[in-house]
Amino acid sequence: MTSRPAKDPVQAARRAGILRRQIDHHNHRYYILDDPEISDADYDRLLRELADLETAWPALVTPDSPTQRIGAQPLDRFPTVRHARQMFSLQNAANLEELREWRARIEEDPGSFWCEPKVDGAAVELVYEKGVLASGSTRGDGWNGEEIASNLRTIRAVPLTLRPRDRRTVVPGVIDVRGEVFMNTKDFVALNRQAEERGEKVFANPRNAAAGSLRQLDPRITASRPLRVMCHGLGRVEGVTLKDHAGAIKYLDKLGFMTALPWAQLARTMEQVEAYCSRMETERERMPFEIDGVVVKVNSLEHQEKMGVRSRSPRWAVAYKFPPREAVTTLREIKVQVGRTGALTPVAVLDPVRVGGVIVSSATLHNQEMIDDKDVRPGDRVVITRAGDVIPEVVRALVEERVGDPARFRMPESCPVCGALAVQPEGEVIPRCPNMSCPAQVKGRVLHFASRGAMDIDGLGEKLVDQLVDKGMVKNPADLYTLREPELAALERMADKSAANLIASIAGSRRPPLARLLHALGIRHVGEASAAALAEHFGSLRRLRDASEKDKEASEQELMEVPDVGPAVAQSIRAFFIDEHNQQVLDGLGAAGVEGQAAPRPAGGGPLAGMTLVFTGELESMSRSEAARRATDRGAAVASSINRKVTHVVAGPGAGSKLAKARELELPIVDEDQFLALLDKA
């Protein structure tokens with residue numbers, strides 16, 4: 001596998017070309033076909049020989065060389081790029097009945113349906129010009145995504161240059177390839193095992209790992225992650241004519257992309273479609289990667305064109321979603337966790353079990369009332385599910401398998417961390433630790449304060465916060481602004497550079513948007529939506545403090561003028577701001593120069609002025625916080641609870657009690673497409 005050093009540029013160029021073709025071939029065998037022909041050591045020797053040649057003959061270095069996959073410098077941010085054609089999200093079918101309803105809306109016979117597993121990953125677009133990877137981006141809002149080409153280049157399953165597998169396949173002048181970035185399950189498990197060995201935080205699931213890896217500002221971090229891309233569709237294609245979706249997927253396969261061809265099926269009838277969905281649900285656990293459903297598309301591109309699209313999703317495609325998965329394991333004990341607001345929450349400690357592709361070792365039990373209702377006891381065999389395929393939850397105890405009569409669990413009378421006598425507010429089912437200096441509460445408040453949706457202080461993770469609080473260096477969030485580099489650098493797993501980076505990140509957080517500062521304070525009952533409404537109404541932290549510090553009746557009356565604030569929230573806000581401990585924290589933040597910046601109001605109040613929106617359920621095209629931001633940017637108010645002040649309820653899959661209350665009050669209910677249409681008109 002070795003060769004003699006090239007003696008002249010012609011010989012060097014010839015050898016470099018051979019090496020690139022060999023490396024591309026082995027990348028395809030390993031990352032696309034999952035069928036390697038050579039060992040990792042032999043592959044590394046090929047890559048090293050090419051790198052040595054390019055070092056000796058710099059003119060040989062090309063952008064599409066395999067050696068350039070990890071050569072980009074870290075970025076400050078990702079620029080925005082506009083897609084030539086819109087990238088869609090798919091409407092969901094939660095069961096076979098909804099799948100049949102989708103078929104019924106197709107008026108004429110489409111001929112056939114393309115069925116393939118729905119990979120649980122992060123959507124991207126790869127743009128090739130004259131066969132060379134020119135750009136790559138996230139889906140974003142469908143029209144505008146983040147340019148992440150430097151990261152996508154590091155993924156060995158992504159061809160840097162299109163080299164068809166046969167001579168008859170034409171390379172188009174321009175082609176936009178759509179797909180999902182994901183991780184094979186075995187690669188994900190290995191990645192988490194390595195993280196545990198290094199004492200780092202592990203990923204919750206393969207999808208989070210893939211999405212997080214893809215959005216690293218340093219491409220070298222992305223390159224270190226075992227990412228792959230499953231390509232499932234096209235945007236623009238110039239110079240090639242395709243008649244159906246099956247042909248498009250086969251064409252992508254010939255160009256060297258990974259596709260779902262080995263698992264896909266062309267169905268002639270809905271009976272065949274339903275049989276495929278049932279079969280894939282059964283085979284789900286045996287798949288090499290995580291899937292959360294089946295994508296069904298009308299195969300004919302002509303029929304797709306006739307059927308058209310909604311504002312965000314095509315009428316010719318649907319995602320049949322699998323129900324959440326369950327597993328059985330043993331509940332070893334019930335521990336009580338203390339949250340940042342002092343809430344005492346029982347948590348089931350479980351024998352580790354795989355649920356939905358993730359190893360689960362603990363699950364929430366919510367409160368004593370729920371434990372009693374489910375009659376869950378330590379030692380029981382229990383059924384575990386992941387609600388929404390995300391949050392582990394104990395469904396029920398297998399009472400028929402219970403041995404003997406184990407003691408029932410009772411919540412402790414005192415805080416398990418600081419020993420303070422627990423209190424239970426009237427009308428609530430959750431007891432609380434009243435000691436605001438309780439270390440568990442302090443850690444929770446500091447972590448929340450630094451989180452991405454709040455002050456966004458990069459580098460302040462759970463283990464570092466544990467050290468800062470345990471050593472008495474941080475007693476409240478304001479203390480973060482008094483930290484110094486030398487004392488940080490002396491902590492475990494810290495060094496001069498990481499300490500300097502953290503100090504810089506803390507310093508850079510001093511002038512956040514007012515809404516984020518209010519959210520960061522951790523006021524009970526005040527989430528992102530309520531914080532945004534308060535910021536919009538008061539405009540400054542000082543005005544909000546003044547309103548909260550009036551006498552009880554006047555204060556709560558003024559607070560309830562805010563669209564998202566009712567009596568319980570008003571009481572909670574006032575209680576927060578009149579608390580002596582909290583006043584000291586606020587004064588400390590002010591002394592450190594932390595000041596929330598009011599968002600500029602749209603001229604004339606904004607095109608959505610006068611509207612009050614509530615979001616419930618899942619959104620496909622963006623997060624709920626992003627949707628709220630876009631609505632408030634256009635002048636709307638966003639609330640977190642249903643009341644008669646609400647003008648629109650935006651409901652997506654998984655909407656629950658809020659949707660039911662909205663119907664009870666006969667409030668206008670819109671889906672995601674209708675919400676996006678509102679934004680487009682604005």
# chains A, B, ... in the order shown; residues from 1 in each chain; ligands from 1
>>> residues_around(residues="A:Leu613", least_positions_apart="3", cutoff="8 Å", atoms="only C-alpha atoms", output="PyMOL selection string")
chain A and resi 636-639+646-650
>>> residues_around(residues="stretch 528-530 of chain A", least_positions_apart="5", cutoff="8 Å", atoms="only C-alpha atoms", output="list in words")
Gly453, Ala515, Arg516, His519, Asp564, Val565, Ser625, Ala628, Val638, Ala639 and Ser640 of chain A
>>> write_last_selection(atoms="N, CA and C atoms", output="PDB file, in the first residue's frame")
ATOM      1  N   GLY A 453     -31.231  29.757  26.144  1.00  0.00           N
ATOM      2  CA  GLY A 453     -32.416  30.595  26.012  1.00  0.00           C
ATOM      3  C   GLY A 453     -32.419  31.777  26.960  1.00  0.00           C
ATOM      4  N   ALA A 515     -35.892  40.565  27.442  1.00  0.00           N
ATOM      5  CA  ALA A 515     -36.698  39.347  27.586  1.00  0.00           C
ATOM      6  C   ALA A 515     -35.851  38.180  28.057  1.00  0.00           C
ATOM      7  N   ARG A 516     -34.635  38.066  27.533  1.00  0.00           N
ATOM      8  CA  ARG A 516     -33.766  36.962  27.937  1.00  0.00           C
ATOM      9  C   ARG A 516     -33.287  37.136  29.373  1.00  0.00           C
ATOM     10  N   HIS A 519     -36.152  36.085  31.588  1.00  0.00           N
ATOM     11  CA  HIS A 519     -36.248  34.623  31.588  1.00  0.00           C
ATOM     12  C   HIS A 519     -35.129  34.018  32.436  1.00  0.00           C
ATOM     13  N   ASP A 564     -49.961  38.218  28.941  1.00  0.00           N
ATOM     14  CA  ASP A 564     -49.725  36.837  29.367  1.00  0.00           C
ATOM     15  C   ASP A 564     -49.804  36.649  30.877  1.00  0.00           C
ATOM     16  N   VAL A 565     -50.213  37.681  31.591  1.00  0.00           N
ATOM     17  CA  VAL A 565     -50.138  37.633  33.056  1.00  0.00           C
ATOM     18  C   VAL A 565     -51.534  37.600  33.670  1.00  0.00           C
ATOM     19  N   SER A 625     -39.822  28.880  20.485  1.00  0.00           N
ATOM     20  CA  SER A 625     -39.212  30.156  20.870  1.00  0.00           C
ATOM     21  C   SER A 625     -38.897  31.004  19.642  1.00  0.00           C
ATOM     22  N   ALA A 628     -42.168  32.417  18.422  1.00  0.00           N
ATOM     23  CA  ALA A 628     -42.571  33.533  19.276  1.00  0.00           C
ATOM     24  C   ALA A 628     -41.781  34.791  18.943  1.00  0.00           C
ATOM     25  N   VAL A 638     -47.099  37.444  22.720  1.00  0.00           N
ATOM     26  CA  VAL A 638     -47.119  35.989  22.828  1.00  0.00           C
ATOM     27  C   VAL A 638     -47.362  35.610  24.274  1.00  0.00           C
ATOM     28  N   ALA A 639     -48.389  34.807  24.501  1.00  0.00           N
ATOM     29  CA  ALA A 639     -48.748  34.377  25.849  1.00  0.00           C
ATOM     30  C   ALA A 639     -48.453  32.893  26.010  1.00  0.00           C
ATOM     31  N   SER A 640     -48.366  32.432  27.260  1.00  0.00           N
ATOM     32  CA  SER A 640     -48.109  31.016  27.514  1.00  0.00           C
ATOM     33  C   SER A 640     -49.340  30.296  28.053  1.00  0.00           C
TER      34      SER A 640
END
>>> residues_around(residues="A:Pro288", least_positions_apart="6", cutoff="9 Å", atoms="only C-alpha atoms", output="VMD selection string")
chain A and resid 184 to 186
>>> residues_around(residues="A:His448", least_positions_apart="2", cutoff="10 Å", atoms="only C-alpha atoms", output="JSON list (two decimals) with C-alpha atoms, in the first residue's frame")
[["chain", "number", "residue", "atom", "x", "y", "z"],
["A", 340, "ARG", "CA", -33.93, 25.65, 41.00],
["A", 442, "VAL", "CA", -28.27, 27.74, 43.68],
["A", 443, "LYS", "CA", -26.80, 25.29, 41.14],
["A", 444, "GLY", "CA", -30.11, 25.07, 39.30],
["A", 445, "ARG", "CA", -30.56, 28.84, 39.17],
["A", 446, "VAL", "CA", -27.01, 29.43, 37.93],
["A", 450, "ALA", "CA", -26.39, 30.70, 31.86],
["A", 451, "SER", "CA", -28.49, 28.54, 29.51],
["A", 452, "ARG", "CA", -28.86, 29.23, 25.78],
["A", 453, "GLY", "CA", -32.42, 30.60, 26.01],
["A", 454, "ALA", "CA", -31.34, 32.91, 28.84],
["A", 455, "MET", "CA", -27.93, 34.65, 29.12],
["A", 456, "ASP", "CA", -26.24, 32.15, 26.77],
["A", 477, "PRO", "CA", -25.96, 34.38, 39.46],
["A", 519, "HIS", "CA", -36.25, 34.62, 31.59],
["A", 520, "ALA", "CA", -32.77, 34.08, 33.08],
["A", 521, "LEU", "CA", -33.89, 35.33, 36.50],
["A", 522, "GLY", "CA", -35.96, 32.16, 36.91]]
>>> residues_around(residues="A:Ser657", least_positions_apart="6", cutoff="10 Å", atoms="only C-alpha atoms", output="number ranges by chain")
A: 616-617, 642, 663
>>> write_last_selection(atoms="N, CA and C atoms", output="PDB file, in the first residue's frame")
ATOM      1  N   THR A 616     -48.937  25.864  21.071  1.00  0.00           N
ATOM      2  CA  THR A 616     -49.073  24.588  21.765  1.00  0.00           C
ATOM      3  C   THR A 616     -48.800  23.448  20.799  1.00  0.00           C
ATOM      4  N   GLY A 617     -48.197  22.386  21.291  1.00  0.00           N
ATOM      5  CA  GLY A 617     -47.811  21.281  20.415  1.00  0.00           C
ATOM      6  C   GLY A 617     -46.487  21.558  19.728  1.00  0.00           C
ATOM      7  N   ILE A 642     -53.861  30.076  28.141  1.00  0.00           N
ATOM      8  CA  ILE A 642     -55.082  30.371  27.399  1.00  0.00           C
ATOM      9  C   ILE A 642     -56.016  31.238  28.242  1.00  0.00           C
ATOM     10  N   ARG A 663     -60.641  25.508  22.532  1.00  0.00           N
ATOM     11  CA  ARG A 663     -61.911  25.117  21.910  1.00  0.00           C
ATOM     12  C   ARG A 663     -63.088  25.446  22.830  1.00  0.00           C
TER      13      ARG A 663
END
>>> residues_around(residues="stretch 362-369 of chain A", least_positions_apart="4", cutoff="8 Å", atoms="only C-alpha atoms", output="PyMOL selection string")
chain A and resi 345-350+352+373+391-394+410-411+429-430
>>> write_last_selection(atoms="C-alpha atoms", output="compact mmCIF listing (two decimals), in the first residue's frame")
# COMPACT_ATOMS: atom_id res chain seq x y z
CA THR A 345 -39.44 15.94 42.56
CA PRO A 346 -39.37 12.14 42.89
CA VAL A 347 -37.23 10.37 40.29
CA ALA A 348 -37.18 6.64 39.54
CA VAL A 349 -33.69 5.11 39.51
CA LEU A 350 -33.86 2.27 36.97
CA PRO A 352 -30.50 0.83 32.47
CA ASP A 373 -52.21 6.62 41.48
CA ILE A 391 -38.72 12.35 27.98
CA PRO A 392 -38.46 9.04 29.91
CA GLU A 393 -41.60 8.31 31.91
CA VAL A 394 -42.87 5.45 34.07
CA ARG A 410 -43.45 8.73 50.86
CA MET A 411 -42.01 12.14 50.08
CA VAL A 429 -49.13 18.92 44.77
CA ILE A 430 -45.38 19.59 44.85
>>> closest_residue(among="A:Thr385, A:Leu679, A:Gly121, A:Ser548", to="A:Gly606", atoms="only C-alpha atoms")
A:Leu679
>>> select_by_dssp(residues="stretch 558-618 of chain A", states="alpha helix (DSSP H)", output="PyMOL selection string")
chain A and resi 558-559+567-578+580-591
>>> closest_residue(among="A:Leu126, A:Ile106, A:Cys115, A:Leu60", to="A:His83", atoms="only C-alpha atoms")
A:Leu126
>>> atom_distance(atom1="atom CA of A:His581", atom2="atom CA of A:Cys418")
17.4 Å
>>> atom_distance(atom1="atom CA of A:Ala157", atom2="atom CA of A:Ala12")
26.3 Å
>>> atom_distance(atom1="atom CA of A:Val328", atom2="atom CA of A:Cys277")
24.5 Å
>>> closest_residue(among="A:Cys433, A:Met183, A:Val376, A:Val132", to="A:Ile155", atoms="only C-alpha atoms")
A:Met183
>>> select_by_dssp(residues="stretch 343-555 of chain A", states="strand (DSSP E or B)", output="ChimeraX atom specification")
/A:343-355,358-364,381-387,391-397,414,421,423,432,513
>>> closest_residue(among="A:Ser313, A:Asp380, A:Lys463, A:Gly111", to="A:Val298", atoms="only C-alpha atoms")
A:Gly111
>>> closest_residue(among="A:Glu37, A:Asp141, A:Leu50, A:Arg163", to="A:Arg14", atoms="only C-alpha atoms")
A:Leu50
>>> decode(residues="stretch 147-196 of chain A", atoms="N, CA and C atoms", output="mmCIF file, in the first residue's frame")
data_model
loop_
_atom_site.group_PDB
_atom_site.id
_atom_site.type_symbol
_atom_site.label_atom_id
_atom_site.label_comp_id
_atom_site.auth_asym_id
_atom_site.auth_seq_id
_atom_site.Cartn_x
_atom_site.Cartn_y
_atom_site.Cartn_z
ATOM 1 N N GLU A 147 -25.401 28.676 6.379
ATOM 2 C CA GLU A 147 -24.344 28.132 5.522
ATOM 3 C C GLU A 147 -23.350 27.367 6.394
ATOM 4 N N ILE A 148 -23.318 26.034 6.233
ATOM 5 C CA ILE A 148 -22.456 25.185 7.061
ATOM 6 C C ILE A 148 -21.587 24.288 6.187
ATOM 7 N N ALA A 149 -21.223 24.789 4.991
ATOM 8 C CA ALA A 149 -20.446 23.975 4.052
ATOM 9 C C ALA A 149 -19.139 23.493 4.669
ATOM 10 N N SER A 150 -18.494 24.344 5.483
ATOM 11 C CA SER A 150 -17.212 23.943 6.075
ATOM 12 C C SER A 150 -17.379 22.720 6.966
ATOM 13 N N ASN A 151 -18.538 22.586 7.600
ATOM 14 C CA ASN A 151 -18.800 21.414 8.430
ATOM 15 C C ASN A 151 -19.220 20.214 7.598
ATOM 16 N N LEU A 152 -20.061 20.436 6.603
ATOM 17 C CA LEU A 152 -20.515 19.329 5.761
ATOM 18 C C LEU A 152 -19.348 18.701 4.989
ATOM 19 N N ARG A 153 -18.348 19.493 4.659
ATOM 20 C CA ARG A 153 -17.177 18.955 3.951
ATOM 21 C C ARG A 153 -16.417 17.926 4.783
ATOM 22 N N THR A 154 -16.562 18.009 6.100
ATOM 23 C CA THR A 154 -15.820 17.076 6.957
ATOM 24 C C THR A 154 -16.460 15.692 6.995
ATOM 25 N N ILE A 155 -17.696 15.574 6.497
ATOM 26 C CA ILE A 155 -18.410 14.292 6.546
ATOM 27 C C ILE A 155 -17.990 13.444 5.356
ATOM 28 N N ARG A 156 -17.388 12.299 5.613
ATOM 29 C CA ARG A 156 -16.807 11.507 4.534
ATOM 30 C C ARG A 156 -17.864 10.905 3.611
ATOM 31 N N ALA A 157 -19.117 10.847 4.067
ATOM 32 C CA ALA A 157 -20.184 10.346 3.199
ATOM 33 C C ALA A 157 -20.633 11.404 2.192
ATOM 34 N N VAL A 158 -20.151 12.622 2.334
ATOM 35 C CA VAL A 158 -20.507 13.698 1.401
ATOM 36 C C VAL A 158 -19.451 13.777 0.300
ATOM 37 N N PRO A 159 -19.809 13.511 -0.965
ATOM 38 C CA PRO A 159 -18.828 13.635 -2.049
ATOM 39 C C PRO A 159 -18.421 15.099 -2.223
ATOM 40 N N LEU A 160 -17.128 15.359 -2.276
ATOM 41 C CA LEU A 160 -16.665 16.712 -2.557
ATOM 42 C C LEU A 160 -16.734 17.001 -4.051
ATOM 43 N N THR A 161 -16.566 15.938 -4.849
ATOM 44 C CA THR A 161 -16.715 16.015 -6.302
ATOM 45 C C THR A 161 -17.570 14.836 -6.745
ATOM 46 N N LEU A 162 -18.526 15.089 -7.635
ATOM 47 C CA LEU A 162 -19.398 14.016 -8.114
ATOM 48 C C LEU A 162 -18.664 13.163 -9.136
ATOM 49 N N ARG A 163 -18.493 11.894 -8.795
ATOM 50 C CA ARG A 163 -17.854 10.943 -9.701
ATOM 51 C C ARG A 163 -18.809 9.759 -9.867
ATOM 52 N N PRO A 164 -19.643 9.777 -10.928
ATOM 53 C CA PRO A 164 -20.653 8.730 -11.121
ATOM 54 C C PRO A 164 -20.055 7.334 -11.139
ATOM 55 N N ARG A 165 -20.885 6.355 -10.738
ATOM 56 C CA ARG A 165 -20.443 4.967 -10.680
ATOM 57 C C ARG A 165 -20.425 4.302 -12.046
ATOM 58 N N ASP A 166 -21.028 4.931 -13.058
ATOM 59 C CA ASP A 166 -20.938 4.393 -14.418
ATOM 60 C C ASP A 166 -20.835 5.560 -15.398
ATOM 61 N N ARG A 167 -20.340 5.274 -16.610
ATOM 62 C CA ARG A 167 -20.056 6.332 -17.574
ATOM 63 C C ARG A 167 -21.306 6.939 -18.193
ATOM 64 N N ARG A 168 -22.434 6.233 -18.094
ATOM 65 C CA ARG A 168 -23.656 6.741 -18.710
ATOM 66 C C ARG A 168 -24.357 7.782 -17.848
ATOM 67 N N THR A 169 -23.985 7.887 -16.581
ATOM 68 C CA THR A 169 -24.630 8.846 -15.675
ATOM 69 C C THR A 169 -24.047 10.240 -15.891
ATOM 70 N N VAL A 170 -24.926 11.191 -16.215
ATOM 71 C CA VAL A 170 -24.509 12.562 -16.512
ATOM 72 C C VAL A 170 -24.406 13.374 -15.225
ATOM 73 N N VAL A 171 -23.322 14.134 -15.086
ATOM 74 C CA VAL A 171 -23.179 15.059 -13.961
ATOM 75 C C VAL A 171 -23.839 16.373 -14.350
ATOM 76 N N PRO A 172 -24.857 16.818 -13.612
ATOM 77 C CA PRO A 172 -25.568 18.041 -13.992
ATOM 78 C C PRO A 172 -24.737 19.294 -13.760
ATOM 79 N N GLY A 173 -25.123 20.372 -14.428
ATOM 80 C CA GLY A 173 -24.431 21.641 -14.216
ATOM 81 C C GLY A 173 -24.639 22.159 -12.812
ATOM 82 N N VAL A 174 -25.877 22.048 -12.338
ATOM 83 C CA VAL A 174 -26.225 22.435 -10.966
ATOM 84 C C VAL A 174 -27.187 21.392 -10.412
ATOM 85 N N ILE A 175 -26.976 20.980 -9.164
ATOM 86 C CA ILE A 175 -27.905 20.058 -8.516
ATOM 87 C C ILE A 175 -27.947 20.362 -7.030
ATOM 88 N N ASP A 176 -29.166 20.481 -6.496
ATOM 89 C CA ASP A 176 -29.382 20.696 -5.061
ATOM 90 C C ASP A 176 -29.856 19.372 -4.462
ATOM 91 N N VAL A 177 -29.051 18.799 -3.582
ATOM 92 C CA VAL A 177 -29.350 17.502 -2.986
ATOM 93 C C VAL A 177 -29.805 17.710 -1.548
ATOM 94 N N ARG A 178 -30.988 17.153 -1.208
ATOM 95 C CA ARG A 178 -31.532 17.293 0.147
ATOM 96 C C ARG A 178 -31.382 15.973 0.902
ATOM 97 N N GLY A 179 -31.117 16.051 2.182
ATOM 98 C CA GLY A 179 -30.966 14.841 2.981
ATOM 99 C C GLY A 179 -30.977 15.122 4.471
ATOM 100 N N GLU A 180 -30.709 14.062 5.244
ATOM 101 C CA GLU A 180 -30.675 14.143 6.700
ATOM 102 C C GLU A 180 -29.299 13.737 7.206
ATOM 103 N N VAL A 181 -28.695 14.580 8.027
ATOM 104 C CA VAL A 181 -27.444 14.216 8.692
ATOM 105 C C VAL A 181 -27.808 13.398 9.933
ATOM 106 N N PHE A 182 -27.142 12.256 10.110
ATOM 107 C CA PHE A 182 -27.493 11.358 11.211
ATOM 108 C C PHE A 182 -26.255 10.594 11.671
ATOM 109 N N MET A 183 -26.434 9.770 12.690
ATOM 110 C CA MET A 183 -25.391 8.871 13.172
ATOM 111 C C MET A 183 -25.941 7.455 13.222
ATOM 112 N N ASN A 184 -25.132 6.493 12.816
ATOM 113 C CA ASN A 184 -25.495 5.099 13.058
ATOM 114 C C ASN A 184 -25.546 4.857 14.566
ATOM 115 N N THR A 185 -26.412 3.971 14.981
ATOM 116 C CA THR A 185 -26.600 3.718 16.410
ATOM 117 C C THR A 185 -25.304 3.272 17.086
ATOM 118 N N LYS A 186 -24.568 2.367 16.443
ATOM 119 C CA LYS A 186 -23.331 1.874 17.073
ATOM 120 C C LYS A 186 -22.302 2.995 17.199
ATOM 121 N N ASP A 187 -22.260 3.911 16.222
ATOM 122 C CA ASP A 187 -21.334 5.042 16.301
ATOM 123 C C ASP A 187 -21.731 5.989 17.423
ATOM 124 N N PHE A 188 -23.041 6.189 17.594
ATOM 125 C CA PHE A 188 -23.546 7.051 18.666
ATOM 126 C C PHE A 188 -23.176 6.485 20.037
ATOM 127 N N VAL A 189 -23.360 5.180 20.207
ATOM 128 C CA VAL A 189 -23.026 4.532 21.485
ATOM 129 C C VAL A 189 -21.533 4.691 21.782
ATOM 130 N N ALA A 190 -20.697 4.487 20.761
ATOM 131 C CA ALA A 190 -19.253 4.628 20.948
ATOM 132 C C ALA A 190 -18.877 6.071 21.297
ATOM 133 N N LEU A 191 -19.532 7.050 20.648
ATOM 134 C CA LEU A 191 -19.266 8.459 20.926
ATOM 135 C C LEU A 191 -19.594 8.795 22.381
ATOM 136 N N ASN A 192 -20.743 8.320 22.865
ATOM 137 C CA ASN A 192 -21.115 8.583 24.259
ATOM 138 C C ASN A 192 -20.181 7.880 25.240
ATOM 139 N N ARG A 193 -19.740 6.665 24.876
ATOM 140 C CA ARG A 193 -18.814 5.944 25.750
ATOM 141 C C ARG A 193 -17.503 6.722 25.890
ATOM 142 N N GLN A 194 -17.016 7.263 24.790
ATOM 143 C CA GLN A 194 -15.786 8.064 24.834
ATOM 144 C C GLN A 194 -15.983 9.325 25.674
ATOM 145 N N ALA A 195 -17.175 9.961 25.539
ATOM 146 C CA ALA A 195 -17.456 11.165 26.317
ATOM 147 C C ALA A 195 -17.474 10.856 27.815
ATOM 148 N N GLU A 196 -18.063 9.731 28.186
ATOM 149 C CA GLU A 196 -18.106 9.330 29.599
ATOM 150 C C GLU A 196 -16.701 9.108 30.146
#
